[in-house]
file protein32.tsv (TSV, C-alpha atoms)
chain	number	residue	atom	x	y	z
V	1	MET	CA	-33.08	-11.50	-30.77
V	2	SER	CA	-31.81	-13.91	-33.37
V	3	GLY	CA	-29.36	-11.24	-34.50
V	4	LEU	CA	-27.96	-10.94	-30.96
V	5	LYS	CA	-27.50	-14.69	-30.74
V	6	THR	CA	-25.59	-14.66	-34.00
V	7	VAL	CA	-23.20	-11.97	-32.70
V	8	ASP	CA	-22.67	-13.82	-29.42
V	9	SER	CA	-22.02	-17.05	-31.27
V	10	LEU	CA	-19.34	-15.40	-33.38
V	11	ARG	CA	-17.67	-13.58	-30.46
V	12	THR	CA	-16.09	-16.68	-28.90
V	13	PRO	CA	-14.26	-18.01	-31.99
V	14	VAL	CA	-13.11	-14.50	-32.94
V	15	LEU	CA	-11.71	-13.94	-29.44
V	16	GLY	CA	-9.98	-17.31	-29.54
V	17	LEU	CA	-8.41	-16.48	-32.91
V	18	ALA	CA	-7.12	-13.14	-31.55
V	19	LEU	CA	-5.53	-14.88	-28.57
V	20	LEU	CA	-3.85	-17.40	-30.84
V	21	LEU	CA	-2.46	-14.66	-33.07
V	22	GLY	CA	-1.18	-12.73	-30.03
V	23	ALA	CA	0.51	-15.80	-28.65
V	24	GLY	CA	2.12	-16.43	-32.01
V	25	LEU	CA	3.48	-12.89	-32.16
V	26	LEU	CA	4.89	-13.14	-28.64
V	27	GLY	CA	6.41	-16.49	-29.43
V	28	GLY	CA	8.07	-15.00	-32.49
V	29	CYS	CA	9.50	-12.14	-30.42
V	30	ALA	CA	10.97	-14.63	-27.96
V	31	SER	CA	12.51	-16.76	-30.69
V	32	LYS	CA	16.15	-17.66	-30.31
V	33	ASP	CA	16.74	-16.26	-33.79
V	34	HIS	CA	16.40	-12.73	-32.36
V	35	VAL	CA	18.92	-13.20	-29.52
V	36	ALA	CA	22.33	-11.70	-30.26
V	37	PRO	CA	25.09	-14.26	-29.69
V	38	PRO	CA	27.68	-13.37	-27.02
V	39	ALA	CA	31.03	-12.08	-28.18
V	40	SER	CA	33.73	-14.70	-28.24
V	41	LEU	CA	36.34	-14.49	-25.50
V	42	GLN	CA	39.84	-13.61	-26.58
V	43	ALA	CA	42.75	-15.64	-25.26
V	44	ILE	CA	44.84	-13.77	-22.69
V	45	GLU	CA	48.55	-14.34	-22.47
V	46	ASN	CA	50.09	-13.42	-19.13
V	47	GLN	CA	52.87	-10.88	-19.50
V	48	PHE	CA	54.39	-11.90	-16.16
V	49	THR	CA	53.86	-14.34	-13.31
V	50	PRO	CA	53.16	-12.76	-9.90
V	51	VAL	CA	55.47	-13.88	-7.10
V	52	LEU	CA	54.41	-13.75	-3.45
V	53	GLU	CA	57.09	-11.80	-1.55
V	54	TRP	CA	55.62	-11.82	1.95
V	55	THR	CA	52.42	-11.94	3.99
V	56	ALA	CA	51.60	-10.44	7.37
V	57	ASP	CA	48.84	-10.40	9.96
V	58	ILE	CA	47.21	-6.97	9.91
V	59	GLY	CA	44.78	-7.53	12.78
V	60	LYS	CA	41.10	-8.12	13.35
V	61	SER	CA	38.97	-9.30	10.43
V	62	GLN	CA	36.62	-6.80	8.78
V	63	SER	CA	34.42	-9.39	7.05
V	64	ASN	CA	31.40	-8.51	9.19
V	65	ARG	CA	31.74	-4.73	8.70
V	66	LEU	CA	30.77	-2.56	5.73
V	67	VAL	CA	34.21	-0.97	5.60
V	68	THR	CA	37.23	-1.32	3.34
V	69	LEU	CA	40.42	-0.67	5.28
V	70	VAL	CA	42.99	-0.54	2.51
V	71	PRO	CA	46.73	-0.26	3.29
V	72	GLU	CA	48.79	2.83	2.50
V	73	VAL	CA	52.24	2.69	0.92
V	74	VAL	CA	54.56	5.61	1.69
V	75	GLY	CA	58.17	5.33	0.60
V	76	ASP	CA	59.54	2.04	1.92
V	77	ARG	CA	56.71	1.54	4.43
V	78	VAL	CA	53.27	-0.08	4.33
V	79	TYR	CA	50.79	1.11	6.96
V	80	THR	CA	47.63	-0.81	7.92
V	81	VAL	CA	44.81	-0.56	10.45
V	82	ASP	CA	42.11	-2.97	11.56
V	83	THR	CA	38.58	-2.29	12.78
V	84	ALA	CA	39.70	-2.37	16.43
V	85	GLY	CA	42.31	0.37	15.88
V	86	ARG	CA	45.46	-1.72	15.63
V	87	LEU	CA	47.97	0.32	13.58
V	88	ARG	CA	50.91	-1.48	12.02
V	89	GLY	CA	53.77	-0.55	9.75
V	90	PHE	CA	55.87	-2.94	7.66
V	91	GLU	CA	58.96	-2.69	5.51
V	92	LEU	CA	57.79	-2.73	1.91
V	93	THR	CA	60.48	-5.08	0.63
V	94	SER	CA	60.72	-7.59	3.48
V	95	GLY	CA	57.46	-7.31	5.43
V	96	ARG	CA	59.34	-6.79	8.69
V	97	LEU	CA	57.13	-5.22	11.38
V	98	VAL	CA	58.50	-1.78	12.28
V	99	PHE	CA	55.47	-0.11	13.85
V	100	ASP	CA	52.75	-1.57	16.07
V	101	HIS	CA	50.35	0.50	18.14
V	102	ALA	CA	46.84	-0.07	19.54
V	103	LEU	CA	44.54	2.95	19.37
V	104	LYS	CA	41.64	1.14	21.07
V	105	GLU	CA	39.21	2.91	18.74
V	106	SER	CA	36.54	1.58	16.39
V	107	ILE	CA	37.87	2.43	12.92
V	108	ALA	CA	35.78	3.21	9.82
V	109	SER	CA	38.36	4.36	7.25
V	110	GLY	CA	41.60	3.06	5.88
V	111	VAL	CA	44.87	4.76	6.72
V	112	ALA	CA	46.37	7.80	5.03
V	113	SER	CA	49.95	8.85	5.69
V	114	ASP	CA	52.66	11.21	4.53
V	115	GLY	CA	55.36	9.30	6.41
V	116	ARG	CA	55.19	11.62	9.41
V	117	ILE	CA	51.59	11.18	10.55
V	118	ILE	CA	48.88	8.57	10.02
V	119	ILE	CA	45.26	9.68	9.59
V	120	VAL	CA	42.33	7.37	10.39
V	121	GLY	CA	38.60	7.95	10.79
V	122	THR	CA	36.53	6.50	13.64
V	123	THR	CA	32.98	5.16	13.60
V	124	ASP	CA	31.77	8.09	15.74
V	125	GLY	CA	32.82	10.72	13.18
V	126	ARG	CA	36.26	11.73	14.42
V	127	VAL	CA	39.58	12.00	12.63
V	128	LEU	CA	42.76	10.99	14.48
V	129	ALA	CA	46.31	11.99	13.60
V	130	VAL	CA	48.91	9.53	14.91
V	131	SER	CA	52.69	9.93	14.95
V	132	THR	CA	54.61	7.32	12.94
V	133	GLU	CA	57.49	7.65	15.42
V	134	ASP	CA	55.86	6.51	18.66
V	135	GLY	CA	52.13	6.02	17.95
V	136	GLU	CA	51.11	9.06	19.98
V	137	ILE	CA	47.81	10.71	19.05
V	138	LEU	CA	48.86	14.20	17.96
V	139	TRP	CA	45.36	15.61	17.52
V	140	GLU	CA	41.77	14.72	16.78
V	141	ALA	CA	38.99	16.58	14.98
V	142	SER	CA	35.24	16.06	14.78
V	143	LEU	CA	33.38	15.76	11.48
V	144	SER	CA	29.69	16.10	10.69
V	145	THR	CA	29.42	12.32	10.17
V	146	VAL	CA	31.53	9.21	9.63
V	147	ALA	CA	34.20	9.17	6.92
V	148	VAL	CA	34.85	5.76	5.38
V	149	ALA	CA	37.24	6.86	2.63
V	150	PRO	CA	40.92	7.42	3.46
V	151	ALA	CA	41.98	11.05	3.75
V	152	ALA	CA	44.41	12.88	1.48
V	153	ILE	CA	47.51	14.54	2.97
V	154	GLY	CA	49.71	17.20	1.41
V	155	GLN	CA	50.67	20.87	1.40
V	156	GLY	CA	50.27	20.91	5.19
V	157	ARG	CA	46.61	19.94	4.86
V	158	VAL	CA	44.44	16.90	5.58
V	159	VAL	CA	41.41	16.51	3.29
V	160	VAL	CA	38.57	14.27	4.50
V	161	ARG	CA	35.38	13.35	2.65
V	162	ALA	CA	32.49	12.77	5.08
V	163	GLY	CA	29.46	10.59	4.46
V	164	ASP	CA	27.00	13.51	4.29
V	165	GLY	CA	28.65	14.98	1.18
V	166	ARG	CA	30.88	17.47	2.98
V	167	VAL	CA	34.61	17.94	2.45
V	168	PHE	CA	36.71	18.97	5.45
V	169	VAL	CA	40.16	20.50	5.05
V	170	LEU	CA	42.18	20.49	8.27
V	171	ASN	CA	45.58	21.79	9.30
V	172	ALA	CA	47.94	18.80	9.31
V	173	THR	CA	49.83	20.12	12.35
V	174	ASP	CA	47.02	20.67	14.84
V	175	GLY	CA	43.77	19.55	13.16
V	176	ARG	CA	42.36	23.07	12.99
V	177	ARG	CA	39.52	23.39	10.46
V	178	ILE	CA	40.51	25.47	7.41
V	179	TRP	CA	37.33	25.19	5.33
V	180	VAL	CA	34.30	23.01	4.72
V	181	ASP	CA	32.35	22.56	1.50
V	182	GLY	CA	30.04	19.95	0.09
V	183	ARG	CA	27.09	18.92	-2.01
V	184	SER	CA	23.70	17.43	-1.24
V	185	VAL	CA	23.46	13.65	-1.01
V	186	PRO	CA	20.80	11.81	-3.08
V	187	PRO	CA	18.13	9.81	-1.21
V	188	LEU	CA	19.85	6.58	-2.27
V	189	ASN	CA	23.59	6.08	-2.69
V	190	LEU	CA	26.19	3.36	-2.35
V	191	GLN	CA	27.93	2.57	0.92
V	192	GLY	CA	31.29	4.33	0.73
V	193	GLN	CA	32.86	7.52	-0.60
V	194	SER	CA	35.55	8.35	-3.10
V	195	ARG	CA	38.94	9.34	-1.72
V	196	PRO	CA	39.96	12.96	-2.38
V	197	VAL	CA	43.03	13.51	-4.55
V	198	LEU	CA	45.52	16.35	-4.08
V	199	VAL	CA	47.05	17.79	-7.25
V	200	GLY	CA	49.33	20.75	-6.61
V	201	ASP	CA	47.29	23.50	-4.97
V	202	ALA	CA	43.95	21.83	-5.70
V	203	VAL	CA	41.89	18.90	-4.45
V	204	ILE	CA	39.68	16.72	-6.66
V	205	VAL	CA	36.51	15.31	-5.11
V	206	GLY	CA	33.88	12.92	-6.49
V	207	TYR	CA	30.41	13.33	-5.00
V	208	ASP	CA	27.44	10.98	-4.52
V	209	SER	CA	25.42	12.96	-7.09
V	210	GLY	CA	27.83	12.10	-9.93
V	211	LEU	CA	29.52	15.50	-9.73
V	212	LEU	CA	33.30	15.76	-10.06
V	213	ALA	CA	34.72	19.00	-8.64
V	214	VAL	CA	38.12	20.63	-8.29
V	215	HIS	CA	38.50	22.91	-5.25
V	216	ARG	CA	41.28	25.34	-4.50
V	217	LEU	CA	43.11	23.88	-1.52
V	218	ALA	CA	43.68	27.24	0.16
V	219	ASP	CA	40.05	28.31	0.54
V	220	GLY	CA	37.77	25.70	-1.07
V	221	GLN	CA	36.73	27.82	-4.04
V	222	VAL	CA	35.48	25.69	-6.93
V	223	ILE	CA	37.91	25.92	-9.85
V	224	TRP	CA	36.10	23.47	-12.11
V	225	GLU	CA	33.24	21.01	-11.88
V	226	ASN	CA	31.43	18.67	-14.24
V	227	GLN	CA	28.47	16.32	-13.97
V	228	VAL	CA	30.17	13.13	-15.16
V	229	ALA	CA	27.00	11.04	-14.76
V	230	LEU	CA	23.32	12.00	-14.89
V	231	GLY	CA	20.67	10.10	-12.99
V	232	ARG	CA	17.79	9.02	-15.23
V	233	GLY	CA	14.70	6.98	-14.51
V	234	ARG	CA	11.63	6.85	-12.30
V	235	THR	CA	13.11	5.29	-9.17
V	236	ASP	CA	15.99	6.20	-6.86
V	237	VAL	CA	17.79	3.05	-7.98
V	238	ASP	CA	17.52	4.10	-11.64
V	239	ARG	CA	18.88	7.57	-10.83
V	240	MET	CA	21.83	6.39	-8.72
V	241	VAL	CA	25.12	7.79	-10.14
V	242	ASP	CA	27.31	7.64	-7.03
V	243	ILE	CA	31.05	8.28	-7.54
V	244	ASP	CA	32.92	5.95	-5.18
V	245	ALA	CA	36.15	5.39	-7.11
V	246	MET	CA	39.18	7.57	-6.47
V	247	PRO	CA	39.73	10.10	-9.29
V	248	LEU	CA	42.91	9.44	-11.27
call {"tool": "encode", "arguments": {"input": "protein32.tsv", "output": "structure tokens"}}
result
Amino acid sequence: MSGLKTVDSLRTPVLGLALLLGAGLLGGCASKDHVAPPASLQAIENQFTPVLEWTADIGKSQSNRLVTLVPEVVGDRVYTVDTAGRLRGFELTSGRLVFDHALKESIASGVASDGRIIIVGTTDGRVLAVSTEDGEILWEASLSTVAVAPAAIGQGRVVVRAGDGRVFVLNATDGRRIWVDGRSVPPLNLQGQSRPVLVGDAVIVGYDSGLLAVHRLADGQVIWENQVALGRGRTDVDRMVDIDAMPL
């Protein structure tokens, strides 16, 4: 029994010494000597001074909506839309209002235009084509879900990227569906989609999975694709590699 008492009497100081050593090691790891200093900021010299040419009211505020309704510049015109469907066109150089039409629709995407028509997406998953001459709705088409990225227009086609990962290619004259393709959407992704880009007879699309693909505009066949980002980690947040920027 005396031997057991001796062991018990030694256990407490040994344990205390181990705790002190562990605390010392942790303290050493947290020492300021091991923190890399931040890189020094380089002085920036402005190459030019921006000059405000004009400002204009473009309609209802979108501050309480998770949408980004960016303007579209086509030639000497700037086209805008607000969340309530107010379409406006301005002269690029002067800001003079040349086009003003109320669609009376709840809008989810910014405008796209080729100078002849304006394409906008609604919050109920439709695409509207509006004449730049008189504001008349030329046609509308239904998507599988809401599109928040502006469309791409060219080669007689309208390319729309929907929120469920699908790409819709429509006839620019009547809205008839030409083809649909898409990729699966990860369980977690950022609010928003990348805008498709037309290059000649092809369309470039960035997907929520980090995949960048080039489709043939005529039939949607994949010409080239590459996984530009790979999701790694244990959680959906760690693996998030959403492409929301417009390919350049």
call {"tool": "closest_residue", "arguments": {"input": "protein32.tsv", "among": "V:Ala172, V:Ala162, V:Val73, V:Ala218", "to": "Gly206 (chain V)", "atoms": "all atoms listed in the file"}}
result
V:Ala162
call {"tool": "closest_residue", "arguments": {"input": "protein32.tsv", "among": "V:Val159, V:Val148, V:Ala39, V:Val228", "to": "Arg176 (chain V)", "atoms": "all atoms listed in the file"}}
result
V:Val159
call {"tool": "closest_residue", "arguments": {"input": "protein32.tsv", "among": "V:His34, V:Arg216, V:Arg116, V:Arg195", "to": "Arg77 (chain V)", "atoms": "all atoms listed in the file"}}
result
V:Arg116
call {"tool": "atom_distance", "arguments": {"input": "protein32.tsv", "atom1": "CA of Arg86 (chain V)", "atom2": "CA of Asp100 (chain V)"}}
result
7.3 Å
call {"tool": "residues_around", "arguments": {"input": "protein32.tsv", "residues": "Ile117 (chain V)", "least_positions_apart": "3", "cutoff": "12 Å", "atoms": "only C-alpha atoms", "output": "JSON, numbers by chain"}}
result
{"V": [72, 74, 79, 87, 89, 111, 112, 113, 114, 120, 128, 129, 130, 131, 132, 133, 134, 135, 136, 137, 138, 139, 151, 152, 153, 154, 156, 157, 158, 172, 173, 174, 175]}
call {"tool": "write_last_selection", "arguments": {"input": "protein32.tsv", "atoms": "C-alpha atoms", "output": "JSON list (two decimals), keeping the file's coordinate frame"}}
result
[["chain", "number", "residue", "atom", "x", "y", "z"],
["V", 72, "GLU", "CA", 48.79, 2.83, 2.50],
["V", 74, "VAL", "CA", 54.56, 5.61, 1.69],
["V", 79, "TYR", "CA", 50.79, 1.11, 6.96],
["V", 87, "LEU", "CA", 47.97, 0.32, 13.58],
["V", 89, "GLY", "CA", 53.77, -0.55, 9.75],
["V", 111, "VAL", "CA", 44.87, 4.76, 6.72],
["V", 112, "ALA", "CA", 46.37, 7.80, 5.03],
["V", 113, "SER", "CA", 49.95, 8.85, 5.69],
["V", 114, "ASP", "CA", 52.66, 11.21, 4.53],
["V", 120, "VAL", "CA", 42.33, 7.37, 10.39],
["V", 128, "LEU", "CA", 42.76, 10.99, 14.48],
["V", 129, "ALA", "CA", 46.31, 11.99, 13.60],
["V", 130, "VAL", "CA", 48.91, 9.53, 14.91],
["V", 131, "SER", "CA", 52.69, 9.93, 14.95],
["V", 132, "THR", "CA", 54.61, 7.32, 12.94],
["V", 133, "GLU", "CA", 57.49, 7.65, 15.42],
["V", 134, "ASP", "CA", 55.86, 6.51, 18.66],
["V", 135, "GLY", "CA", 52.13, 6.02, 17.95],
["V", 136, "GLU", "CA", 51.11, 9.06, 19.98],
["V", 137, "ILE", "CA", 47.81, 10.71, 19.05],
["V", 138, "LEU", "CA", 48.86, 14.20, 17.96],
["V", 139, "TRP", "CA", 45.36, 15.61, 17.52],
["V", 151, "ALA", "CA", 41.98, 11.05, 3.75],
["V", 152, "ALA", "CA", 44.41, 12.88, 1.48],
["V", 153, "ILE", "CA", 47.51, 14.54, 2.97],
["V", 154, "GLY", "CA", 49.71, 17.20, 1.41],
["V", 156, "GLY", "CA", 50.27, 20.91, 5.19],
["V", 157, "ARG", "CA", 46.61, 19.94, 4.86],
["V", 158, "VAL", "CA", 44.44, 16.90, 5.58],
["V", 172, "ALA", "CA", 47.94, 18.80, 9.31],
["V", 173, "THR", "CA", 49.83, 20.12, 12.35],
["V", 174, "ASP", "CA", 47.02, 20.67, 14.84],
["V", 175, "GLY", "CA", 43.77, 19.55, 13.16]]
call {"tool": "closest_residue", "arguments": {"input": "protein32.tsv", "among": "V:Ala102, V:Val160, V:Leu211, V:Leu97", "to": "Val127 (chain V)", "atoms": "all atoms listed in the file"}}
result
V:Val160
call {"tool": "closest_residue", "arguments": {"input": "protein32.tsv", "among": "V:Val98, V:Val78, V:Leu170, V:Val197", "to": "Ala213 (chain V)", "atoms": "all atoms listed in the file"}}
result
V:Val197
call {"tool": "residues_around", "arguments": {"input": "protein32.tsv", "residues": "Ala202 (chain V)", "least_positions_apart": "5", "cutoff": "10 Å", "atoms": "all atoms listed in the file", "output": "PyMOL selection string"}}
result
chain V and resi 155+197+214-223
